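Inspection log for the structure reproduced underneath, given as structure tokens.
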Amino acid sequence: MLTIALSKGRILEQTLPLLKKAGLEISDEELNSRKLILDTSLDDVKVIIIRATDVPVFVQHGAADFGISGKDVLLEHGADGLLELLDLGIAQCKLMVAASDEQKLNQNTLKIATKYVNSTKRYFEAKGQQIEIIKLYGAMELAPVVGLSHCIVDLVDTGNTLKANGLVPLEHIIDISSRLVVNAASFKTKNAEIKFWINSIKKNL
Ligand code: ATP
Ligand code: PRP
């Protein structure tokens with residue numbers, strides 16, 4: 001039995017066609033149900049649907065053999081006990097610093113709203129800039145608009161969300177895409193199966 005961890009939304013939508021090309025399908029009936037463990041076209045493969053940030057946790061503890069997770073999430077998690085074996089090139093975006101204008105970044109202690117606490121600390125530590133992090137779980141773009149922070153660190157794709165809230169992207173931290181991550185123990189015990197899926201997905205990227 002092989003268990004694959006995916007998250008609802010963007011990752012599920014963009015992963016389904018890749019799995020289908022690799023020979024694994026999930027019926028609309030399963031996808032539209034409220035089930036969190038989905039049957040697939042193969043009896044010995046199940047898909048679990050969890051929050052994006054929980055994917056590395058399930059894989060790390062072996063509750064899933066492999067999963068698909070954004071690099072942003074992996075950088076926050078630390079990816080202990082996980083093998084990052086394939087860049088799927090889906091859900092591409094950039095982790096960026098954004099504010100209403102560049103001057104806002106000139107502060108003795110820069111107040112930053114973000115859910116990416118670890119990546120933000122690492123980036124500003126390397127620059128030698130003193131910061132205060134305000135941890136949020138979403139709608140980061142609102143923080144500078146209402147005076148909660150000087151700037152944000154968040155994902156940017158088209159830039160539409162920033163623009164709609166009067167913000168501009170200022171500093172590029174890192175390019176993001178989704179990665180296939182494997183539980184280190186599963187990679188030993190189910191090596192042939194996991195390699196088969198990695199190669200089947202890779203062939204069709
Ligand atoms: P949760 O439901 O746990 O809050 P989420 O809302 O961040 O998770 P999604 O928006 O589906 O979940 O994002 C999943 C992944 O897709 C992110 O971790 C990131 O790697 C990528 N992603 C997020 N926003 C974008 C975007 N605008 N364009 C492209 N990729 C994105
Ligand atoms: C992500 C991210 C930004 C937005 C950037 O949010 O947190 O807000 O996308 O994309 P853009 O540059 O193309 O506008 P998402 O759409 O996932 O919404 P959510 O975080 O509220 O789920």
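Following the order of the structure tokens, chains are lettered A, B, ..., residues in each are numbered from 1, and ligands are numbered from 1.
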Next on the checklist: Just want the residues within 6 Å of ligand 1, written as number ranges by chain, counting only C-alpha atoms and all ligand atoms.
Outcome noted: A: 9-11, 51-53, 70-73, 91-93, 155-157, 177-178
May I have a table of the residues of chain A lying at most 7 Å from ligand 2, giving each one's closest pair of atoms and their distance in Å to one decimal, counting only C-alpha atoms and all ligand atoms, ordered by chain and ascending residue number, as a Markdown table?
```
| residue | atom | partner | partner_atom_place_in_ligand_line | distance |
| --- | --- | --- | --- | --- |
| A:Gly138 | CA | ligand 2 | 20 (O) | 5.7 |
| A:Ala139 | CA | ligand 2 | 21 (O) | 6.1 |
| A:Glu141 | CA | ligand 2 | 8 (O) | 6.9 |
| A:Asp154 | CA | ligand 2 | 7 (O) | 5.9 |
| A:Leu155 | CA | ligand 2 | 2 (C) | 4.7 |
| A:Val156 | CA | ligand 2 | 12 (O) | 3.8 |
| A:Asp157 | CA | ligand 2 | 12 (O) | 3.5 |
| A:Thr158 | CA | ligand 2 | 13 (O) | 3.6 |
| A:Gly159 | CA | ligand 2 | 12 (O) | 3.5 |
| A:Asn160 | CA | ligand 2 | 14 (O) | 4.0 |
| A:Thr161 | CA | ligand 2 | 14 (O) | 3.7 |
| A:Leu162 | CA | ligand 2 | 14 (O) | 6.3 |
```
Item to check | Neighbour list for Pro17 (chain A) as a list in words, cut-off 12 Å, only C-alpha atoms, skip fewer than 3 positions in-chain | outcome: Ile11, Leu12, Glu13, Gln14, Lys20, Lys21, Ala22, Gly23, Leu24, Glu25, Ile26, Leu88, Ile90, Ile201, Asn204 and Leu205 of chain A
Next on the checklist: as a PyMOL selection string, please: every residue in region 12-125 of chain A that DSSP puts in strand (DSSP E).
Outcome noted: chain A and resi 37-39+45-50+66-70+82-87+93-99+110-114
Checklist entry - Can you list, as number ranges by chain, every protein, DNA or RNA residue that comes within 10 Å of Leu75 (chain A) when you count only C-alpha atoms, leaving out same-chain residues fewer than 4 positions away? => result A: 70-71, 79, 116-119
Go ahead and save the picked residues with N, CA, C and O atoms, as an mmCIF file, in the first residue's frame.
```
data_model
loop_
_atom_site.group_PDB
_atom_site.id
_atom_site.type_symbol
_atom_site.label_atom_id
_atom_site.label_comp_id
_atom_site.auth_asym_id
_atom_site.auth_seq_id
_atom_site.Cartn_x
_atom_site.Cartn_y
_atom_site.Cartn_z
ATOM 1 N N GLY A 70 4.789 22.796 -1.500
ATOM 2 C CA GLY A 70 5.482 23.986 -2.000
ATOM 3 C C GLY A 70 6.826 24.135 -1.292
ATOM 4 O O GLY A 70 6.950 23.813 -0.108
ATOM 5 N N LYS A 71 7.818 24.640 -2.029
ATOM 6 C CA LYS A 71 9.140 24.863 -1.418
ATOM 7 C C LYS A 71 9.020 25.852 -0.251
ATOM 8 O O LYS A 71 9.778 25.751 0.724
ATOM 9 N N ALA A 79 12.041 20.381 6.741
ATOM 10 C CA ALA A 79 12.179 19.169 5.910
ATOM 11 C C ALA A 79 13.022 18.062 6.542
ATOM 12 O O ALA A 79 13.660 17.263 5.853
ATOM 13 N N TYR A 116 5.725 33.359 6.846
ATOM 14 C CA TYR A 116 7.005 32.691 6.558
ATOM 15 C C TYR A 116 8.088 33.168 7.531
ATOM 16 O O TYR A 116 9.041 33.858 7.134
ATOM 17 N N VAL A 117 7.917 32.812 8.792
ATOM 18 C CA VAL A 117 8.784 33.314 9.862
ATOM 19 C C VAL A 117 10.249 32.887 9.663
ATOM 20 O O VAL A 117 11.159 33.720 9.721
ATOM 21 N N ASN A 118 10.481 31.620 9.397
ATOM 22 C CA ASN A 118 11.867 31.132 9.295
ATOM 23 C C ASN A 118 12.590 31.702 8.077
ATOM 24 O O ASN A 118 13.730 32.139 8.179
ATOM 25 N N SER A 119 11.918 31.694 6.933
ATOM 26 C CA SER A 119 12.551 32.226 5.715
ATOM 27 C C SER A 119 12.833 33.721 5.870
ATOM 28 O O SER A 119 13.860 34.219 5.407
#
```
Do a neighbour search on Lys35 (chain A) at 12 Å with only C-alpha atoms, toss out local chain neighbours closer than 2 positions, and write the hits as a CSV table (one decimal) with C-alpha atoms, in the first residue's frame.
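See part13.csv below for the written result:
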```csv
chain,number,residue,atom,x,y,z
A,8,LYS,CA,-6.7,20.9,-1.6
A,29,GLU,CA,-17.0,11.1,-7.2
A,30,GLU,CA,-14.1,10.6,-4.8
A,31,LEU,CA,-12.8,14.2,-5.4
A,32,ASN,CA,-16.3,15.7,-4.8
A,33,SER,CA,-16.9,13.7,-1.7
A,37,ILE,CA,-8.7,9.4,2.2
A,38,LEU,CA,-9.5,9.0,-1.5
A,39,ASP,CA,-9.4,5.7,-3.4
A,46,LYS,CA,-4.5,6.0,-1.7
A,47,VAL,CA,-4.4,9.8,-1.7
A,48,ILE,CA,-4.9,11.8,1.5
A,49,ILE,CA,-6.1,15.4,1.3
A,50,ILE,CA,-4.7,17.7,4.0
```
Checklist entry - In Å, with one decimal, what is the gap from CA of Ala192 (chain A) to CA of Leu82 (chain A)? => result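 Separation between CA of Ala192 (chain A) and CA of Leu82 (chain A): 17.4 Å.
Put simply, CA of Phe187 (chain A) is 7.8 Å away from CA of Asp65 (chain A).
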Item to check | Length of the CA of Val59 (chain A) to CA of Leu83 (chain A) vector [Å] | outcome: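 Pair CA of Val59 (chain A) / CA of Leu83 (chain A) returns 9.7 Å.
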Item to check | Residues within 12 Å of region 147-150 of chain A, only C-alpha atoms, excluding chain neighbours under 6 positions, as a PyMOL selection string | outcome: chain A and resi 97-114+131-136+140-141+167
Mind the document's chain letters and residue numbers, and return as a CSV table (one decimal) with all heavy atoms, in the first residue's frame the residues of region 12-75 of chain A that DSSP labels helix (DSSP H, G or I).
```csv
chain,number,residue,atom,x,y,z
A,12,LEU,N,-3.5,20.3,-5.5
A,12,LEU,CA,-4.3,19.1,-6.0
A,12,LEU,C,-4.7,19.3,-7.5
A,12,LEU,O,-4.5,18.4,-8.3
A,12,LEU,CB,-5.6,19.0,-5.2
A,12,LEU,CG,-6.5,17.8,-5.5
A,12,LEU,CD1,-5.8,16.5,-5.2
A,12,LEU,CD2,-7.8,17.9,-4.7
A,13,GLU,N,-5.2,20.5,-7.8
A,13,GLU,CA,-5.6,20.7,-9.2
A,13,GLU,C,-4.4,20.5,-10.2
A,13,GLU,O,-4.6,20.0,-11.3
A,13,GLU,CB,-6.0,22.2,-9.4
A,13,GLU,CG,-7.5,22.5,-9.1
A,13,GLU,CD,-7.7,23.9,-8.8
A,13,GLU,OE1,-7.1,24.8,-9.4
A,13,GLU,OE2,-8.5,24.2,-7.9
A,14,GLN,N,-3.2,21.0,-9.8
A,14,GLN,CA,-2.1,20.9,-10.8
A,14,GLN,C,-1.4,19.6,-10.7
A,14,GLN,O,-0.7,19.2,-11.6
A,14,GLN,CB,-1.1,22.1,-10.5
A,14,GLN,CG,-1.8,23.4,-10.7
A,14,GLN,CD,-0.8,24.6,-10.6
A,14,GLN,OE1,0.4,24.4,-10.9
A,14,GLN,NE2,-1.3,25.7,-10.3
A,15,THR,N,-1.7,18.8,-9.6
A,15,THR,CA,-1.0,17.5,-9.5
A,15,THR,C,-1.8,16.4,-10.2
A,15,THR,O,-1.3,15.4,-10.8
A,15,THR,CB,-0.8,17.1,-8.0
A,15,THR,OG1,0.0,18.1,-7.4
A,15,THR,CG2,0.0,15.8,-7.9
A,16,LEU,N,-3.2,16.6,-10.2
A,16,LEU,CA,-4.0,15.5,-10.8
A,16,LEU,C,-3.6,15.2,-12.2
A,16,LEU,O,-3.5,14.0,-12.6
A,16,LEU,CB,-5.5,15.9,-10.7
A,16,LEU,CG,-6.1,15.8,-9.3
A,16,LEU,CD1,-7.5,16.3,-9.3
A,16,LEU,CD2,-6.0,14.4,-8.7
A,17,PRO,N,-3.4,16.2,-13.1
A,17,PRO,CA,-3.0,15.9,-14.5
A,17,PRO,C,-1.7,15.1,-14.5
A,17,PRO,O,-1.5,14.3,-15.4
A,17,PRO,CB,-2.9,17.2,-15.2
A,17,PRO,CG,-3.7,18.2,-14.3
A,17,PRO,CD,-3.6,17.6,-12.9
A,18,LEU,N,-0.8,15.5,-13.6
A,18,LEU,CA,0.5,14.8,-13.6
A,18,LEU,C,0.4,13.3,-13.2
A,18,LEU,O,1.0,12.4,-13.8
A,18,LEU,CB,1.5,15.5,-12.7
A,18,LEU,CG,1.8,17.0,-12.9
A,18,LEU,CD1,2.8,17.5,-11.9
A,18,LEU,CD2,2.4,17.1,-14.3
A,19,LEU,N,-0.5,13.1,-12.2
A,19,LEU,CA,-0.7,11.7,-11.8
A,19,LEU,C,-1.4,10.9,-12.8
A,19,LEU,O,-1.1,9.7,-13.1
A,19,LEU,CB,-1.5,11.7,-10.4
A,19,LEU,CG,-0.8,12.3,-9.2
A,19,LEU,CD1,-1.7,12.2,-8.0
A,19,LEU,CD2,0.5,11.4,-8.9
A,20,LYS,N,-2.3,11.6,-13.5
A,20,LYS,CA,-3.1,10.9,-14.6
A,20,LYS,C,-2.2,10.4,-15.7
A,20,LYS,O,-2.2,9.3,-16.1
A,20,LYS,CB,-4.2,11.8,-15.1
A,20,LYS,CG,-5.2,11.2,-16.0
A,20,LYS,CD,-6.3,12.1,-16.4
A,20,LYS,CE,-7.2,11.4,-17.4
A,20,LYS,NZ,-8.3,12.3,-17.8
A,21,LYS,N,-1.3,11.4,-16.1
A,21,LYS,CA,-0.3,11.0,-17.1
A,21,LYS,C,0.6,9.9,-16.7
A,21,LYS,O,1.1,9.1,-17.5
A,21,LYS,CB,0.6,12.2,-17.5
A,21,LYS,CG,-0.1,13.2,-18.4
A,21,LYS,CD,0.9,14.2,-18.9
A,21,LYS,CE,0.3,15.6,-19.1
A,21,LYS,NZ,1.3,16.6,-19.1
A,22,ALA,N,0.9,9.8,-15.4
A,22,ALA,CA,1.7,8.7,-14.8
A,22,ALA,C,1.0,7.4,-14.6
A,22,ALA,O,1.5,6.4,-14.2
A,22,ALA,CB,2.3,9.2,-13.5
A,28,ASP,N,-14.1,11.7,-10.1
A,28,ASP,CA,-14.8,12.9,-9.7
A,28,ASP,C,-15.6,12.6,-8.5
A,28,ASP,O,-15.7,13.5,-7.6
A,28,ASP,CB,-15.7,13.5,-10.8
A,28,ASP,CG,-14.9,14.1,-11.9
A,28,ASP,OD1,-13.7,14.4,-11.6
A,28,ASP,OD2,-15.4,14.3,-13.0
A,29,GLU,N,-16.2,11.4,-8.4
A,29,GLU,CA,-17.0,11.1,-7.2
A,29,GLU,C,-16.2,11.1,-6.0
A,29,GLU,O,-16.6,11.7,-4.9
A,29,GLU,CB,-17.6,9.7,-7.4
A,29,GLU,CG,-18.7,9.4,-6.5
A,29,GLU,CD,-19.2,7.9,-6.6
A,29,GLU,OE1,-18.9,7.3,-7.7
A,29,GLU,OE2,-19.8,7.4,-5.7
A,30,GLU,N,-15.0,10.6,-6.0
A,30,GLU,CA,-14.1,10.6,-4.8
A,30,GLU,C,-13.7,12.1,-4.5
A,30,GLU,O,-13.7,12.5,-3.4
A,30,GLU,CB,-12.8,9.8,-5.1
A,30,GLU,CG,-12.9,8.3,-5.1
A,30,GLU,CD,-13.2,7.8,-3.7
A,30,GLU,OE1,-12.4,7.9,-2.8
A,30,GLU,OE2,-14.3,7.2,-3.5
A,31,LEU,N,-13.3,12.8,-5.6
A,31,LEU,CA,-12.8,14.2,-5.4
A,31,LEU,C,-13.9,15.1,-4.9
A,31,LEU,O,-13.6,16.0,-4.1
A,31,LEU,CB,-12.3,14.8,-6.8
A,31,LEU,CG,-11.0,14.2,-7.3
A,31,LEU,CD1,-10.8,14.6,-8.7
A,31,LEU,CD2,-9.9,14.6,-6.4
A,52,ALA,N,-2.0,22.4,3.2
A,52,ALA,CA,-0.7,22.5,2.6
A,52,ALA,C,0.5,22.4,3.6
A,52,ALA,O,1.4,21.7,3.4
A,52,ALA,CB,-0.6,23.8,1.8
A,53,THR,N,0.3,23.1,4.7
A,53,THR,CA,1.4,23.1,5.7
A,53,THR,C,1.5,21.8,6.4
A,53,THR,O,2.5,21.6,7.1
A,53,THR,CB,1.2,24.2,6.7
A,53,THR,OG1,-0.2,24.2,7.1
A,53,THR,CG2,1.5,25.6,6.2
A,54,ASP,N,0.5,20.9,6.4
A,54,ASP,CA,0.6,19.7,7.1
A,54,ASP,C,1.2,18.6,6.2
A,54,ASP,O,1.6,17.5,6.7
A,54,ASP,CB,-0.8,19.2,7.5
A,54,ASP,CG,-1.4,20.1,8.6
A,54,ASP,OD1,-0.6,20.7,9.3
A,54,ASP,OD2,-2.7,20.1,8.7
A,55,VAL,N,1.4,18.8,4.9
A,55,VAL,CA,1.9,17.7,4.0
A,55,VAL,C,3.3,17.2,4.5
A,55,VAL,O,3.5,16.0,4.7
A,55,VAL,CB,1.9,18.2,2.5
A,55,VAL,CG1,2.7,17.2,1.7
A,55,VAL,CG2,0.5,18.3,2.0
A,56,PRO,N,4.3,18.2,4.8
A,56,PRO,CA,5.6,17.6,5.2
A,56,PRO,C,5.5,16.9,6.6
A,56,PRO,O,6.3,16.0,6.8
A,56,PRO,CB,6.5,18.9,5.3
A,56,PRO,CG,5.6,20.0,5.0
A,56,PRO,CD,4.3,19.6,4.5
A,57,VAL,N,4.5,17.3,7.4
A,57,VAL,CA,4.4,16.7,8.7
A,57,VAL,C,3.9,15.2,8.6
A,57,VAL,O,4.5,14.3,9.2
A,57,VAL,CB,3.4,17.5,9.6
A,57,VAL,CG1,3.2,16.8,11.0
A,57,VAL,CG2,3.8,18.9,9.7
A,58,PHE,N,2.9,15.0,7.7
A,58,PHE,CA,2.4,13.6,7.5
A,58,PHE,C,3.5,12.8,6.9
A,58,PHE,O,3.7,11.6,7.2
A,58,PHE,CB,1.2,13.6,6.6
A,58,PHE,CG,-0.1,13.9,7.3
A,58,PHE,CD1,-0.4,15.1,8.0
A,58,PHE,CD2,-1.1,12.9,7.4
A,58,PHE,CE1,-1.5,15.3,8.7
A,58,PHE,CE2,-2.3,13.1,8.1
A,58,PHE,CZ,-2.5,14.3,8.8
A,59,VAL,N,4.3,13.4,5.9
A,59,VAL,CA,5.3,12.6,5.2
A,59,VAL,C,6.5,12.3,6.2
A,59,VAL,O,7.0,11.2,6.2
A,59,VAL,CB,5.8,13.3,3.9
A,59,VAL,CG1,6.9,12.5,3.3
A,59,VAL,CG2,4.6,13.5,2.9
A,60,GLN,N,6.8,13.3,6.9
A,60,GLN,CA,8.0,13.1,7.9
A,60,GLN,C,7.7,12.0,8.9
A,60,GLN,O,8.6,11.2,9.2
A,60,GLN,CB,8.1,14.4,8.7
A,60,GLN,CG,9.1,14.4,9.8
A,60,GLN,CD,9.1,15.6,10.7
A,60,GLN,OE1,8.1,16.3,10.8
A,60,GLN,NE2,10.2,15.9,11.3
A,71,LYS,N,7.8,24.6,-2.0
A,71,LYS,CA,9.1,24.9,-1.4
A,71,LYS,C,9.0,25.9,-0.3
A,71,LYS,O,9.8,25.8,0.7
A,71,LYS,CB,10.1,25.4,-2.5
A,71,LYS,CG,11.5,25.6,-2.0
A,71,LYS,CD,12.2,24.2,-1.7
A,71,LYS,CE,13.6,24.5,-1.2
A,71,LYS,NZ,14.3,23.2,-0.8
A,72,ASP,N,8.1,26.8,-0.3
A,72,ASP,CA,7.9,27.7,0.8
A,72,ASP,C,7.5,27.0,2.1
A,72,ASP,O,8.1,27.3,3.1
A,72,ASP,CB,6.7,28.7,0.4
A,72,ASP,CG,5.5,28.0,-0.1
A,72,ASP,OD1,5.6,27.0,-0.8
A,72,ASP,OD2,4.4,28.5,0.3
A,73,VAL,N,6.7,26.0,1.9
A,73,VAL,CA,6.2,25.2,3.1
A,73,VAL,C,7.4,24.4,3.6
A,73,VAL,O,7.6,24.3,4.8
A,73,VAL,CB,5.0,24.4,2.7
A,73,VAL,CG1,4.7,23.4,3.8
A,73,VAL,CG2,3.8,25.2,2.4
A,74,LEU,N,8.2,23.8,2.7
A,74,LEU,CA,9.3,23.0,3.1
A,74,LEU,C,10.4,23.8,3.8
A,74,LEU,O,11.0,23.3,4.8
A,74,LEU,CB,9.9,22.3,1.9
A,74,LEU,CG,9.0,21.3,1.2
A,74,LEU,CD1,9.7,20.8,-0.1
A,74,LEU,CD2,8.6,20.1,2.1
A,75,LEU,N,10.6,25.0,3.4
A,75,LEU,CA,11.6,25.9,4.0
A,75,LEU,C,11.2,26.2,5.4
A,75,LEU,O,12.0,26.3,6.3
A,75,LEU,CB,11.8,27.2,3.2
A,75,LEU,CG,12.6,27.0,1.9
A,75,LEU,CD1,12.4,28.3,1.0
A,75,LEU,CD2,14.0,26.7,2.1
```
